[in-house]
file run-v6.cif (mmCIF, C-alpha atoms and all ligand atoms)
data_coords
loop_
_atom_site.label_atom_id
_atom_site.label_comp_id
_atom_site.auth_asym_id
_atom_site.auth_seq_id
_atom_site.Cartn_x
_atom_site.Cartn_y
_atom_site.Cartn_z
CA MET A 320 0.00 0.00 0.00
CA SER A 321 1.12 3.54 -0.64
CA ARG A 322 1.62 4.36 3.01
CA PHE A 323 4.53 1.92 3.25
CA SER A 324 6.14 2.78 -0.07
CA GLY A 325 5.63 6.47 0.65
CA ILE A 326 7.21 6.37 4.06
CA SER A 327 10.17 4.26 3.11
CA ARG A 328 10.91 6.26 -0.02
CA LEU A 329 10.91 9.50 1.92
CA ALA A 330 12.63 8.01 4.89
CA MET A 331 15.52 7.06 2.69
CA GLY A 332 15.61 10.61 1.44
CA VAL A 333 16.22 11.99 4.91
CA GLY A 334 18.67 9.33 6.00
CA MET A 335 16.60 6.99 8.17
CA THR A 336 18.68 4.00 9.14
CA CYS A 337 17.74 0.38 9.60
CA LEU A 338 17.63 -0.39 13.30
CA ALA A 339 18.72 -3.62 14.89
CA LEU A 340 16.58 -5.17 17.63
CA SER A 341 18.17 -6.11 20.91
CA ALA A 342 17.80 -9.77 21.96
CA ALA A 343 15.42 -8.75 24.74
CA GLN A 344 13.27 -6.82 22.36
CA ALA A 345 13.25 -9.58 19.78
CA ASN A 346 11.99 -11.92 22.50
CA THR A 347 9.10 -9.72 23.42
CA MET A 348 8.22 -9.34 19.80
CA GLN A 349 6.94 -12.74 18.82
CA THR A 350 4.34 -14.02 21.10
CA GLN A 351 0.84 -12.58 20.81
CA SER A 352 -2.00 -12.45 18.33
CA PRO A 353 -3.35 -9.02 17.49
CA SER A 354 -6.57 -8.24 19.31
CA VAL A 355 -9.15 -5.55 19.94
CA GLU A 356 -11.34 -5.54 23.03
CA LYS A 357 -14.09 -3.21 24.14
CA GLU A 358 -14.16 -1.96 27.73
CA SER A 359 -16.38 0.45 29.62
CA PHE A 360 -14.91 3.93 30.19
CA GLY A 361 -17.78 5.37 32.21
CA GLN A 362 -20.86 7.40 31.49
CA LEU A 363 -21.65 11.00 30.59
CA PRO A 364 -24.01 13.06 32.82
CA ASP A 365 -26.79 12.56 30.22
CA GLY A 366 -26.47 8.77 30.58
CA ARG A 367 -24.61 8.01 27.37
CA LYS A 368 -22.07 5.26 27.80
CA VAL A 369 -18.42 5.87 27.00
CA GLU A 370 -16.28 3.00 25.77
CA ALA A 371 -12.59 2.31 25.43
CA TYR A 372 -11.08 0.07 22.75
CA HIS A 373 -7.95 -1.77 23.70
CA LEU A 374 -5.84 -2.57 20.63
CA ARG A 375 -2.82 -4.88 20.72
CA ASN A 376 -0.51 -5.93 17.93
CA GLY A 377 1.50 -9.16 17.63
CA HIS A 378 4.52 -7.56 19.30
CA GLY A 379 2.51 -6.56 22.34
CA ILE A 380 2.29 -2.86 21.58
CA ASP A 381 -1.00 -1.76 23.04
CA MET A 382 -3.06 1.34 22.79
CA LYS A 383 -6.34 2.41 24.37
CA VAL A 384 -8.75 4.73 22.61
CA THR A 385 -11.92 6.11 24.13
CA THR A 386 -15.05 7.16 22.28
CA TYR A 387 -14.97 10.38 24.35
CA GLY A 388 -13.05 12.80 22.13
CA GLY A 389 -11.40 9.90 20.27
CA ILE A 390 -8.74 10.24 22.97
CA ILE A 391 -5.75 7.90 23.01
CA THR A 392 -5.48 7.35 26.75
CA SER A 393 -2.44 5.04 26.73
CA LEU A 394 0.13 3.65 24.31
CA ARG A 395 2.69 1.16 25.58
CA THR A 396 5.84 0.35 23.65
CA PRO A 397 9.12 -1.44 24.48
CA ASP A 398 12.44 0.32 24.88
CA ALA A 399 15.78 -0.91 23.54
CA GLU A 400 16.07 -3.38 26.46
CA GLY A 401 12.54 -4.70 26.07
CA GLU A 402 11.19 -2.69 29.05
CA TRP A 403 7.68 -1.43 28.47
CA ALA A 404 6.30 2.01 29.23
CA ASP A 405 3.27 4.12 28.45
CA VAL A 406 4.57 6.93 26.21
CA VAL A 407 1.55 9.27 26.11
CA LEU A 408 0.25 11.70 28.74
CA GLY A 409 -3.30 11.25 29.94
CA PHE A 410 -5.60 9.59 32.45
CA ASP A 411 -7.07 6.14 33.04
CA ASN A 412 -10.59 7.39 33.76
CA LEU A 413 -13.23 9.62 32.20
CA ALA A 414 -13.69 11.88 35.25
CA ASP A 415 -10.14 13.22 34.98
CA TYR A 416 -10.74 14.25 31.32
CA ARG A 417 -13.89 16.09 32.41
CA SER A 418 -12.71 17.66 35.66
CA GLU A 419 -12.78 21.40 36.30
CA ALA A 420 -8.97 21.42 36.60
CA TYR A 421 -8.71 19.79 33.18
CA ARG A 422 -11.20 22.20 31.65
CA GLN A 423 -9.24 25.15 33.05
CA SER A 424 -5.88 24.09 31.62
CA ASN A 425 -7.38 22.44 28.52
CA PRO A 426 -4.31 20.60 27.22
CA TYR A 427 -6.30 18.37 24.78
CA PHE A 428 -4.34 15.29 25.93
CA GLY A 429 -4.45 12.62 23.20
CA ALA A 430 -7.64 13.97 21.64
CA LEU A 431 -8.96 14.27 18.12
CA ILE A 432 -9.13 17.95 17.23
CA GLY A 433 -11.82 19.42 15.00
CA ARG A 434 -13.29 21.05 13.19
CA TYR A 435 -10.16 23.19 13.03
CA GLY A 436 -6.81 22.31 14.53
CA ASN A 437 -5.09 25.35 16.01
CA ARG A 438 -6.18 28.98 15.82
CA ILE A 439 -8.51 31.10 13.69
CA ALA A 440 -7.87 34.81 14.28
CA GLU A 441 -10.58 36.50 16.34
CA GLY A 442 -12.84 33.51 15.69
CA ARG A 443 -13.92 34.95 12.37
CA PHE A 444 -13.62 34.13 8.68
CA THR A 445 -15.45 35.05 5.51
CA LEU A 446 -16.47 32.43 3.00
CA ASP A 447 -18.38 33.08 -0.24
CA GLY A 448 -19.29 36.56 1.03
CA THR A 449 -20.64 35.44 4.42
CA THR A 450 -18.77 36.18 7.64
CA HIS A 451 -18.90 33.40 10.23
CA GLU A 452 -18.36 34.02 13.95
CA LEU A 453 -16.84 31.25 16.04
CA ALA A 454 -16.25 30.96 19.77
CA THR A 455 -13.18 32.83 21.04
CA ASN A 456 -11.83 30.34 23.56
CA ASP A 457 -8.15 31.38 23.50
CA GLY A 458 -7.99 35.07 24.33
CA ALA A 459 -9.32 36.86 21.26
CA ASN A 460 -8.90 33.76 19.07
CA HIS A 461 -10.65 30.50 18.28
CA LEU A 462 -8.61 27.39 19.20
CA HIS A 463 -9.02 23.69 18.36
CA GLY A 464 -12.67 23.82 17.33
CA GLY A 465 -14.10 26.05 20.06
CA GLU A 466 -15.79 25.61 23.44
CA ARG A 467 -16.78 22.02 22.70
CA GLY A 468 -14.66 20.79 19.88
CA PHE A 469 -14.40 17.21 18.65
CA ASP A 470 -12.19 16.45 21.67
CA LYS A 471 -15.22 16.80 23.96
CA ARG A 472 -17.77 14.94 21.81
CA LEU A 473 -18.89 11.33 22.01
CA TRP A 474 -17.97 9.36 18.88
CA THR A 475 -19.47 6.06 17.75
CA ALA A 476 -17.04 3.23 17.20
CA ALA A 477 -16.64 0.21 14.94
CA PRO A 478 -13.68 -2.05 15.77
CA PHE A 479 -12.00 -4.23 13.14
CA GLU A 480 -9.38 -6.91 13.06
CA ASN A 481 -7.56 -8.90 10.40
CA ASP A 482 -4.43 -11.07 10.24
CA SER A 483 -1.99 -8.23 10.62
CA GLU A 484 -3.89 -5.16 11.80
CA VAL A 485 -6.39 -4.12 14.42
CA GLY A 486 -8.21 -0.86 14.72
CA VAL A 487 -11.28 1.16 15.40
CA GLU A 488 -13.21 3.52 13.15
CA LEU A 489 -14.73 6.49 14.97
CA THR A 490 -17.58 8.57 13.56
CA TYR A 491 -18.92 11.93 14.62
CA VAL A 492 -21.52 14.07 12.88
CA SER A 493 -21.16 17.77 13.59
CA GLU A 494 -24.46 19.51 12.84
CA ASP A 495 -24.77 22.63 10.69
CA GLY A 496 -23.86 25.63 12.85
CA GLU A 497 -22.09 23.70 15.61
CA GLU A 498 -19.55 26.02 17.27
CA GLY A 499 -20.46 28.55 14.55
CA TYR A 500 -19.20 26.52 11.57
CA PRO A 501 -21.34 26.20 8.44
CA GLY A 502 -22.45 22.82 7.09
CA ARG A 503 -23.24 19.40 8.51
CA LEU A 504 -19.87 17.69 8.69
CA GLU A 505 -19.68 13.90 8.84
CA THR A 506 -16.27 12.83 10.11
CA HIS A 507 -14.66 9.39 10.25
CA VAL A 508 -11.31 8.81 11.91
CA THR A 509 -9.73 5.37 11.82
CA TYR A 510 -6.94 4.31 14.15
CA THR A 511 -5.06 1.24 12.87
CA LEU A 512 -2.32 -0.53 14.82
CA THR A 513 -0.18 -2.52 12.39
CA ALA A 514 2.19 -5.47 12.57
CA ASP A 515 5.00 -3.01 11.76
CA ASP A 516 4.50 -1.11 15.04
CA GLU A 517 2.74 1.77 13.37
CA VAL A 518 -0.34 3.67 14.40
CA ILE A 519 -2.07 4.92 11.27
CA ILE A 520 -4.61 7.70 11.62
CA ASP A 521 -6.92 8.18 8.64
CA TYR A 522 -9.28 11.12 8.50
CA HIS A 523 -12.29 11.43 6.16
CA ALA A 524 -14.97 14.10 6.16
CA THR A 525 -17.82 15.29 3.96
CA THR A 526 -20.02 18.37 4.20
CA ASP A 527 -23.23 19.78 2.75
CA LYS A 528 -21.94 23.41 2.77
CA ALA A 529 -18.48 24.82 2.16
CA THR A 530 -16.63 24.89 5.48
CA PRO A 531 -13.07 24.93 6.84
CA VAL A 532 -11.76 21.56 8.06
CA ASN A 533 -8.38 20.88 9.65
CA LEU A 534 -8.36 17.69 11.70
CA THR A 535 -5.50 16.51 13.85
CA GLN A 536 -4.48 14.35 16.79
CA HIS A 537 -3.17 15.97 19.97
CA SER A 538 -1.17 13.25 21.73
CA TYR A 539 1.61 14.40 24.04
CA PHE A 540 4.53 12.00 23.94
CA ASN A 541 7.25 11.35 26.43
CA LEU A 542 9.28 8.52 24.92
CA GLU A 543 11.07 7.88 28.23
CA GLY A 544 7.63 7.09 29.68
CA GLU A 545 4.82 9.43 30.69
CA GLY A 546 5.38 11.02 34.09
CA SER A 547 9.15 10.52 33.85
CA GLY A 548 10.03 14.22 33.70
CA SER A 549 11.00 16.70 31.04
CA ILE A 550 11.23 16.02 27.31
CA VAL A 551 13.94 18.61 26.66
CA ASP A 552 16.64 15.96 26.13
CA HIS A 553 14.66 14.18 23.40
CA ARG A 554 16.36 14.73 20.06
CA LEU A 555 14.04 16.02 17.38
CA MET A 556 14.39 16.08 13.61
CA LEU A 557 11.80 18.12 11.72
CA ASN A 558 11.77 17.82 7.95
CA ALA A 559 11.02 21.51 7.52
CA ASP A 560 13.05 24.32 6.04
CA ALA A 561 10.51 26.99 7.00
CA PHE A 562 8.01 27.78 9.74
CA THR A 563 5.11 30.18 10.05
CA PRO A 564 6.07 32.93 12.54
CA VAL A 565 3.28 34.25 14.75
CA ASP A 566 2.16 37.42 16.47
CA ASP A 567 1.94 37.63 20.26
CA THR A 568 -1.46 35.86 20.20
CA LEU A 569 0.07 32.96 18.21
CA ILE A 570 -1.67 33.84 14.93
CA PRO A 571 0.60 33.41 11.86
CA THR A 572 1.76 36.65 10.30
CA GLY A 573 1.53 35.07 6.83
CA GLU A 574 5.29 34.84 6.38
CA LEU A 575 7.04 31.54 5.67
CA ARG A 576 10.38 32.08 7.42
CA ASP A 577 13.55 30.15 6.63
CA VAL A 578 14.68 28.11 9.65
CA ALA A 579 18.38 28.49 8.79
CA ASP A 580 20.41 30.09 11.60
CA THR A 581 17.41 30.15 13.97
CA PRO A 582 16.38 27.97 16.96
CA PHE A 583 13.73 26.56 14.59
CA ASP A 584 16.24 24.63 12.50
CA PHE A 585 15.66 20.96 13.36
CA ARG A 586 16.75 19.60 9.98
CA GLU A 587 19.52 17.81 11.87
CA ALA A 588 18.39 15.99 15.01
CA THR A 589 18.84 18.40 17.95
CA PRO A 590 17.79 18.19 21.61
CA ILE A 591 14.47 20.00 22.08
CA GLY A 592 16.00 22.00 24.94
CA ALA A 593 19.22 23.01 23.20
CA ARG A 594 17.94 26.43 22.09
CA ILE A 595 14.54 26.68 23.77
CA GLY A 596 15.78 29.38 26.16
CA ALA A 597 17.38 31.48 23.42
CA ASP A 598 16.63 35.18 23.27
CA ASN A 599 14.17 34.98 20.40
CA THR A 600 10.87 36.81 19.96
CA GLN A 601 9.11 33.79 18.45
CA LEU A 602 10.14 31.57 21.37
CA ALA A 603 9.02 34.29 23.78
CA TYR A 604 5.57 34.43 22.14
CA GLY A 605 5.14 30.66 22.43
CA GLN A 606 6.90 30.37 25.82
CA GLY A 607 8.91 27.78 23.93
CA TYR A 608 8.05 25.99 20.70
CA ASP A 609 4.41 26.31 19.68
CA HIS A 610 4.80 26.79 15.95
CA ASN A 611 3.70 25.36 12.64
CA PHE A 612 6.51 23.95 10.52
CA VAL A 613 6.23 23.80 6.72
CA LEU A 614 7.13 20.30 5.61
CA MET A 615 9.47 19.74 2.70
CA ARG A 616 7.87 17.80 -0.12
CA ASP A 617 8.73 17.78 -3.79
CA ALA A 618 6.17 19.14 -6.21
CA THR A 619 4.95 15.73 -7.33
CA ALA A 620 4.40 14.40 -3.83
CA GLU A 621 1.38 16.45 -2.78
CA ASP A 622 -0.98 14.29 -0.67
CA GLU A 623 1.62 11.55 -0.38
CA LEU A 624 3.19 10.73 2.93
CA VAL A 625 6.35 12.59 3.83
CA LEU A 626 8.46 11.99 6.86
CA ALA A 627 7.63 14.98 9.06
CA ALA A 628 9.52 14.25 12.25
CA ARG A 629 11.80 11.78 13.99
CA VAL A 630 12.21 11.86 17.76
CA GLU A 631 14.74 9.88 19.78
CA ALA A 632 14.65 9.35 23.54
CA PRO A 633 18.27 9.21 24.69
CA ASP A 634 17.90 7.00 27.80
CA SER A 635 15.40 4.40 26.59
CA GLY A 636 16.37 4.38 22.91
CA ARG A 637 12.73 4.69 21.85
CA VAL A 638 12.26 6.30 18.45
CA LEU A 639 9.08 7.80 17.00
CA GLU A 640 8.83 8.69 13.32
CA ILE A 641 5.85 10.62 12.00
CA ALA A 642 4.85 10.66 8.35
CA THR A 643 1.91 12.60 7.01
CA SER A 644 0.00 13.69 3.94
CA GLU A 645 -0.45 17.14 5.56
CA PRO A 646 1.60 20.21 4.59
CA GLY A 647 2.48 21.20 8.16
CA VAL A 648 3.12 20.06 11.70
CA GLN A 649 2.61 22.05 14.90
CA PHE A 650 5.49 21.37 17.25
CA TYR A 651 4.35 22.20 20.78
CA SER A 652 6.84 21.66 23.59
CA GLY A 653 4.28 21.38 26.40
CA ASN A 654 4.87 24.96 27.55
CA PHE A 655 1.48 25.45 29.18
CA LEU A 656 1.64 22.34 31.37
CA ASP A 657 2.11 23.63 34.91
CA GLY A 658 1.97 20.65 37.27
CA THR A 659 -1.70 21.04 38.19
CA LEU A 660 -2.76 17.85 36.37
CA ILE A 661 -1.78 14.52 37.88
CA GLY A 662 -1.15 11.72 35.40
CA LYS A 663 -1.72 7.99 35.29
CA GLN A 664 1.16 7.19 37.63
CA GLY A 665 0.18 9.82 40.17
CA LYS A 666 2.89 12.17 38.97
CA ALA A 667 2.24 15.83 38.18
CA TYR A 668 2.55 16.82 34.53
CA GLU A 669 5.00 19.69 34.81
CA LYS A 670 5.95 22.18 32.09
CA ARG A 671 7.59 20.33 29.15
CA SER A 672 6.79 16.85 30.47
CA GLY A 673 5.40 15.98 27.02
CA PHE A 674 5.56 17.26 23.44
CA ALA A 675 2.96 17.25 20.68
CA LEU A 676 3.53 17.01 16.94
CA GLU A 677 0.16 17.87 15.41
CA THR A 678 0.11 17.19 11.67
CA GLN A 679 -2.11 19.78 10.04
CA HIS A 680 -2.81 22.50 7.52
CA PHE A 681 -1.46 25.84 8.70
CA PRO A 682 -3.18 27.78 11.50
CA ASP A 683 -5.60 30.55 10.47
CA SER A 684 -5.70 29.37 6.85
CA PRO A 685 -9.32 30.59 6.38
CA ASN A 686 -7.89 34.13 6.76
CA GLN A 687 -4.63 33.57 4.89
CA ALA A 688 -5.18 33.42 1.14
CA ALA A 689 -1.57 32.39 0.46
CA PHE A 690 -1.71 29.28 2.72
CA PRO A 691 -2.94 25.94 1.31
CA SER A 692 -6.74 26.00 1.45
CA THR A 693 -8.64 24.25 4.24
CA ILE A 694 -12.07 24.73 2.65
CA LEU A 695 -14.02 21.54 2.04
CA GLU A 696 -16.78 21.85 -0.56
CA PRO A 697 -19.95 19.74 -0.83
CA GLY A 698 -19.27 16.72 -3.06
CA GLU A 699 -15.59 16.58 -2.06
CA THR A 700 -14.08 14.23 0.51
CA TYR A 701 -11.54 15.49 3.02
CA GLN A 702 -8.81 12.86 3.30
CA SER A 703 -5.69 12.93 5.40
CA ARG A 704 -3.33 10.32 6.78
CA THR A 705 -0.69 10.39 9.50
CA VAL A 706 1.50 7.45 10.51
CA TRP A 707 3.42 7.11 13.78
CA ARG A 708 6.09 4.43 13.65
CA PHE A 709 7.70 3.16 16.85
CA SER A 710 11.12 1.52 16.98
CA THR A 711 14.24 1.56 19.12
CA GLN A 712 17.92 2.25 18.75
CA THR A 713 20.91 1.96 21.06
CA PRO A 714 20.42 4.45 23.92
CA THR A 715 22.72 7.47 23.80
CA PRO A 716 22.35 9.22 27.16
C1 LIG L 801 -1.65 23.66 20.50
C2 LIG L 801 -1.63 25.11 20.57
C3 LIG L 801 -1.06 25.47 21.87
C4 LIG L 801 -1.88 24.89 22.99
C5 LIG L 801 -1.92 23.45 22.88
C6 LIG L 801 -2.81 22.87 23.94
O1 LIG L 801 -0.41 23.14 20.42
O2 LIG L 801 -0.91 25.71 19.54
O3 LIG L 801 -0.97 26.84 21.98
O4 LIG L 801 -3.18 25.34 22.90
O5 LIG L 801 -2.39 23.12 21.61
O6 LIG L 801 -2.62 23.44 25.16
#

call {"tool": "encode", "arguments": {"input": "run-v6.cif", "output": "structure tokens", "more": "lines below"}}
Ligand code: GLA
result
Amino acid sequence: MSRFSGISRLAMGVGMTCLALSAAQANTMQTQSPSVEKESFGQLPDGRKVEAYHLRNGHGIDMKVTTYGGIITSLRTPDAEGEWADVVLGFDNLADYRSEAYRQSNPYFGALIGRYGNRIAEGRFTLDGTTHELATNDGANHLHGGERGFDKRLWTAAPFENDSEVGVELTYVSEDGEEGYPGRLETHVTYTLTADDEVIIDYHATTDKATPVNLTQHSYFNLEGEGSGSIVDHRLMLNADAFTPVDDTLIPTGELRDVADTPFDFREATPIGARIGADNTQLAYGQGYDHNFVLMRDATAEDELVLAARVEAPDSGRVLEIATSEPGVQFYSGNFLDGTLIGKQGKAYEKRSGFALETQHFPDSPNQAAFPSTILEPGETYQSRTVWRFSTQTPTP
């Protein structure tokens, strides 16, 4: 399938190496059959039941997804020595995702984001001569779909399983006018866990009126294990030679700025923390990295997967590679985490205890004519794919 040929072709282009498995890891990697099981994940105040789907592949990698917000609540992978850890921030119960403390800090842990990932300036855009007003839930701006975006909606689920893959297809219908957006939007997101230790996220949407759509996934990773401290020593490669600088409310100015000679140059793997404290206006605006990077793709490869990012955890040797059909990725270094939320292991999620790499179209595209369009028309199908691939390499503390 194209996802594999696409990722390996591009991976070769940016120098991905073939990684050897340790003996311990090879041992853990043979034993189980892939499976998907449904579990209860509680109930909403109106009585609707919330479920969790527990996916496992043949190597034992397991991931839990809840129908509330399409949230990935846990994702366990082995390190270079075959030790397992949960590598995403989150909670093991529904109440913690709905608590007042969570609502206040609103980190969108592991959630599906829609209708529009990231910000729309002043919650306003004009389409075909009509101005639409959206909720302003981030200062003067609209963020991640509004007051109740897709991350706070109940999705329906259909699990599936075949010889090599397991997964769950989630569906949510957003009615015309929801959160101020025009058109009835029917959205399907499929999570597939493959035999190659990949999580594939496929997005499809259709509408009955022209409307902006920019779906993404907001997992926070800590490849040393969630709750294990800061992510600043993780080494990050971003396949981007430009980023979209922002104003002090994190709205893009419209410029595509060259990353060369700036703290935004991650073309060579660099520790996240190496330049995060630099005296730089863009870093000051984001309180760290909170920026959209423009992915490099050749002219013929539009819509094909490109390798967007590669992240290495120095102590555990875990590696995450992210490929996407999207033109951009928001790299967010967990700057707004402040220790008030307590994670699955009872440890506080402090500033920079996780990072997000949200594959996406660029923020505020409905107001930026020069950015790739995010407008979905009736009769068209929105399609987008992102692949996370987990592997290990020799630790390099
Ligand atoms: C995105 C935004 C950030 C922040 C996080 C969630 O990354 O760009 O500013 O809202 O989501 O806290």

call {"tool": "residues_near_point", "arguments": {"input": "run-v6.cif", "point": "(-1.0, 9.2, 8.5)", "cutoff": "12 Å", "atoms": "all atoms listed in the file", "output": "PDB file with C-alpha atoms, in the frame of the given file"}}
result
ATOM      1  CA  SER A 321       1.120   3.540  -0.640  1.00  0.00           C
ATOM      2  CA  ARG A 322       1.620   4.360   3.010  1.00  0.00           C
ATOM      3  CA  PHE A 323       4.530   1.920   3.250  1.00  0.00           C
ATOM      4  CA  GLY A 325       5.630   6.470   0.650  1.00  0.00           C
ATOM      5  CA  ILE A 326       7.210   6.370   4.060  1.00  0.00           C
ATOM      6  CA  VAL A 508     -11.310   8.810  11.910  1.00  0.00           C
ATOM      7  CA  THR A 509      -9.730   5.370  11.820  1.00  0.00           C
ATOM      8  CA  TYR A 510      -6.940   4.310  14.150  1.00  0.00           C
ATOM      9  CA  THR A 511      -5.060   1.240  12.870  1.00  0.00           C
ATOM     10  CA  LEU A 512      -2.320  -0.530  14.820  1.00  0.00           C
ATOM     11  CA  GLU A 517       2.740   1.770  13.370  1.00  0.00           C
ATOM     12  CA  VAL A 518      -0.340   3.670  14.400  1.00  0.00           C
ATOM     13  CA  ILE A 519      -2.070   4.920  11.270  1.00  0.00           C
ATOM     14  CA  ILE A 520      -4.610   7.700  11.620  1.00  0.00           C
ATOM     15  CA  ASP A 521      -6.920   8.180   8.640  1.00  0.00           C
ATOM     16  CA  TYR A 522      -9.280  11.120   8.500  1.00  0.00           C
ATOM     17  CA  HIS A 523     -12.290  11.430   6.160  1.00  0.00           C
ATOM     18  CA  LEU A 534      -8.360  17.690  11.700  1.00  0.00           C
ATOM     19  CA  THR A 535      -5.500  16.510  13.850  1.00  0.00           C
ATOM     20  CA  GLN A 536      -4.480  14.350  16.790  1.00  0.00           C
ATOM     21  CA  ASP A 622      -0.980  14.290  -0.670  1.00  0.00           C
ATOM     22  CA  GLU A 623       1.620  11.550  -0.380  1.00  0.00           C
ATOM     23  CA  LEU A 624       3.190  10.730   2.930  1.00  0.00           C
ATOM     24  CA  VAL A 625       6.350  12.590   3.830  1.00  0.00           C
ATOM     25  CA  LEU A 626       8.460  11.990   6.860  1.00  0.00           C
ATOM     26  CA  ALA A 627       7.630  14.980   9.060  1.00  0.00           C
ATOM     27  CA  GLU A 640       8.830   8.690  13.320  1.00  0.00           C
ATOM     28  CA  ILE A 641       5.850  10.620  12.000  1.00  0.00           C
ATOM     29  CA  ALA A 642       4.850  10.660   8.350  1.00  0.00           C
ATOM     30  CA  THR A 643       1.910  12.600   7.010  1.00  0.00           C
ATOM     31  CA  SER A 644       0.000  13.690   3.940  1.00  0.00           C
ATOM     32  CA  GLU A 645      -0.450  17.140   5.560  1.00  0.00           C
ATOM     33  CA  PRO A 646       1.600  20.210   4.590  1.00  0.00           C
ATOM     34  CA  GLU A 677       0.160  17.870  15.410  1.00  0.00           C
ATOM     35  CA  THR A 678       0.110  17.190  11.670  1.00  0.00           C
ATOM     36  CA  GLN A 679      -2.110  19.780  10.040  1.00  0.00           C
ATOM     37  CA  GLN A 702      -8.810  12.860   3.300  1.00  0.00           C
ATOM     38  CA  SER A 703      -5.690  12.930   5.400  1.00  0.00           C
ATOM     39  CA  ARG A 704      -3.330  10.320   6.780  1.00  0.00           C
ATOM     40  CA  THR A 705      -0.690  10.390   9.500  1.00  0.00           C
ATOM     41  CA  VAL A 706       1.500   7.450  10.510  1.00  0.00           C
ATOM     42  CA  TRP A 707       3.420   7.110  13.780  1.00  0.00           C
ATOM     43  CA  ARG A 708       6.090   4.430  13.650  1.00  0.00           C
TER      44      ARG A 708
END

call {"tool": "residues_near_ligand", "arguments": {"input": "run-v6.cif", "ligand": "ligand LIG 801 (chain L)", "cutoff": "6 Å", "atoms": "all atoms listed in the file", "output": "compact mmCIF listing (two decimals) with C-alpha atoms, in the frame of the given file"}}
result
# COMPACT_ATOMS: atom_id res chain seq x y z
CA ASN A 425 -7.38 22.44 28.52
CA PRO A 426 -4.31 20.60 27.22
CA TYR A 427 -6.30 18.37 24.78
CA ASN A 437 -5.09 25.35 16.01
CA ASP A 609 4.41 26.31 19.68
CA TYR A 651 4.35 22.20 20.78

call {"tool": "atom_distance", "arguments": {"input": "run-v6.cif", "atom1": "CA of Ser352 (chain A)", "atom2": "CA of Gly486 (chain A)"}}
result
13.6 Å

call {"tool": "closest_residue", "arguments": {"input": "run-v6.cif", "among": "A:Arg586, A:Arg417, A:His378, A:Arg576", "to": "Ala559 (chain A)", "atoms": "all atoms listed in the file"}}
result
A:Arg586

call {"tool": "residues_around", "arguments": {"input": "run-v6.cif", "residues": "Glu574 (chain A)", "least_positions_apart": "5", "cutoff": "10 Å", "atoms": "all atoms listed in the file", "output": "list in words"}}
result
Ala561, Phe562, Thr563, Pro564, Val565, Ala689 and Phe690 of chain A

call {"tool": "atom_distance", "arguments": {"input": "run-v6.cif", "atom1": "CA of Asp495 (chain A)", "atom2": "CA of Glu419 (chain A)"}}
result
28.3 Å

call {"tool": "residues_around", "arguments": {"input": "run-v6.cif", "residues": "region 691-699 of chain A", "least_positions_apart": "6", "cutoff": "6 Å", "atoms": "all atoms listed in the file", "output": "list of chain:residue names"}}
result
A:Thr526, A:Asp527, A:Lys528, A:Ala529, A:Thr530, A:Pro531, A:Val532

call {"tool": "write_last_selection", "arguments": {"input": "run-v6.cif", "atoms": "C-alpha atoms", "output": "tab-separated table (two decimals), in the coordinates of the input"}}
result
chain	number	residue	atom	x	y	z
A	526	THR	CA	-20.02	18.37	4.20
A	527	ASP	CA	-23.23	19.78	2.75
A	528	LYS	CA	-21.94	23.41	2.77
A	529	ALA	CA	-18.48	24.82	2.16
A	530	THR	CA	-16.63	24.89	5.48
A	531	PRO	CA	-13.07	24.93	6.84
A	532	VAL	CA	-11.76	21.56	8.06

call {"tool": "residues_around", "arguments": {"input": "run-v6.cif", "residues": "region 441-457 of chain A", "least_positions_apart": "6", "cutoff": "8 Å", "atoms": "only C-alpha atoms", "output": "list in words"}}
result
Gly465, Glu466, Glu498, Gly499, Tyr500, Pro501, Ala529, Thr530, Pro685 and Asn686 of chain A

call {"tool": "atom_distance", "arguments": {"input": "run-v6.cif", "atom1": "CA of Ala628 (chain A)", "atom2": "CA of Val485 (chain A)"}}
result
24.4 Å

call {"tool": "closest_residue", "arguments": {"input": "run-v6.cif", "among": "A:Ile570, A:Val613, A:Val551, A:Leu542", "to": "Ala593 (chain A)", "atoms": "only C-alpha atoms"}}
result
A:Val551

call {"tool": "closest_residue", "arguments": {"input": "run-v6.cif", "among": "A:Glu480, A:His507, A:Glu356, A:Ile391", "to": "Thr700 (chain A)", "atoms": "all atoms listed in the file"}}
result
A:His507

call {"tool": "residues_around", "arguments": {"input": "run-v6.cif", "residues": "Thr475 (chain A)", "least_positions_apart": "2", "cutoff": "8 Å", "atoms": "all atoms listed in the file", "output": "list in words"}}
result
Thr386, Leu473, Ala477, Leu489, Thr490 and Tyr491 of chain A

call {"tool": "residues_around", "arguments": {"input": "run-v6.cif", "residues": "Gly544 (chain A)", "least_positions_apart": "3", "cutoff": "9 Å", "atoms": "all atoms listed in the file", "output": "PyMOL selection string"}}
result
chain A and resi 395+403-408+540-541+547-548+635

call {"tool": "closest_residue", "arguments": {"input": "run-v6.cif", "among": "A:Asp381, A:Asp577, A:Glu488, A:Glu545", "to": "Phe428 (chain A)", "atoms": "all atoms listed in the file"}}
result
A:Glu545

call {"tool": "closest_residue", "arguments": {"input": "run-v6.cif", "among": "A:Trp474, A:Phe681, A:Tyr435, A:Tyr421", "to": "Ile390 (chain A)", "atoms": "all atoms listed in the file"}}
result
A:Trp474

call {"tool": "closest_residue", "arguments": {"input": "run-v6.cif", "among": "A:Asp634, A:Asp482, A:Asp552, A:Glu669", "to": "Gly377 (chain A)", "atoms": "only C-alpha atoms"}}
result
A:Asp482

call {"tool": "decode", "arguments": {"input": "run-v6.cif", "residues": "region 481-486 of chain A", "atoms": "C-alpha atoms", "output": "short mmCIF file (atom, residue, chain, number, x, y, z; two decimals), in the first residue's frame"}}
result
data_model
loop_
_atom_site.label_atom_id
_atom_site.label_comp_id
_atom_site.auth_asym_id
_atom_site.auth_seq_id
_atom_site.Cartn_x
_atom_site.Cartn_y
_atom_site.Cartn_z
CA ASN A 481 -7.56 -8.90 10.40
CA ASP A 482 -4.43 -11.07 10.24
CA SER A 483 -1.99 -8.23 10.62
CA GLU A 484 -3.89 -5.16 11.80
CA VAL A 485 -6.39 -4.12 14.42
CA GLY A 486 -8.21 -0.86 14.72
#
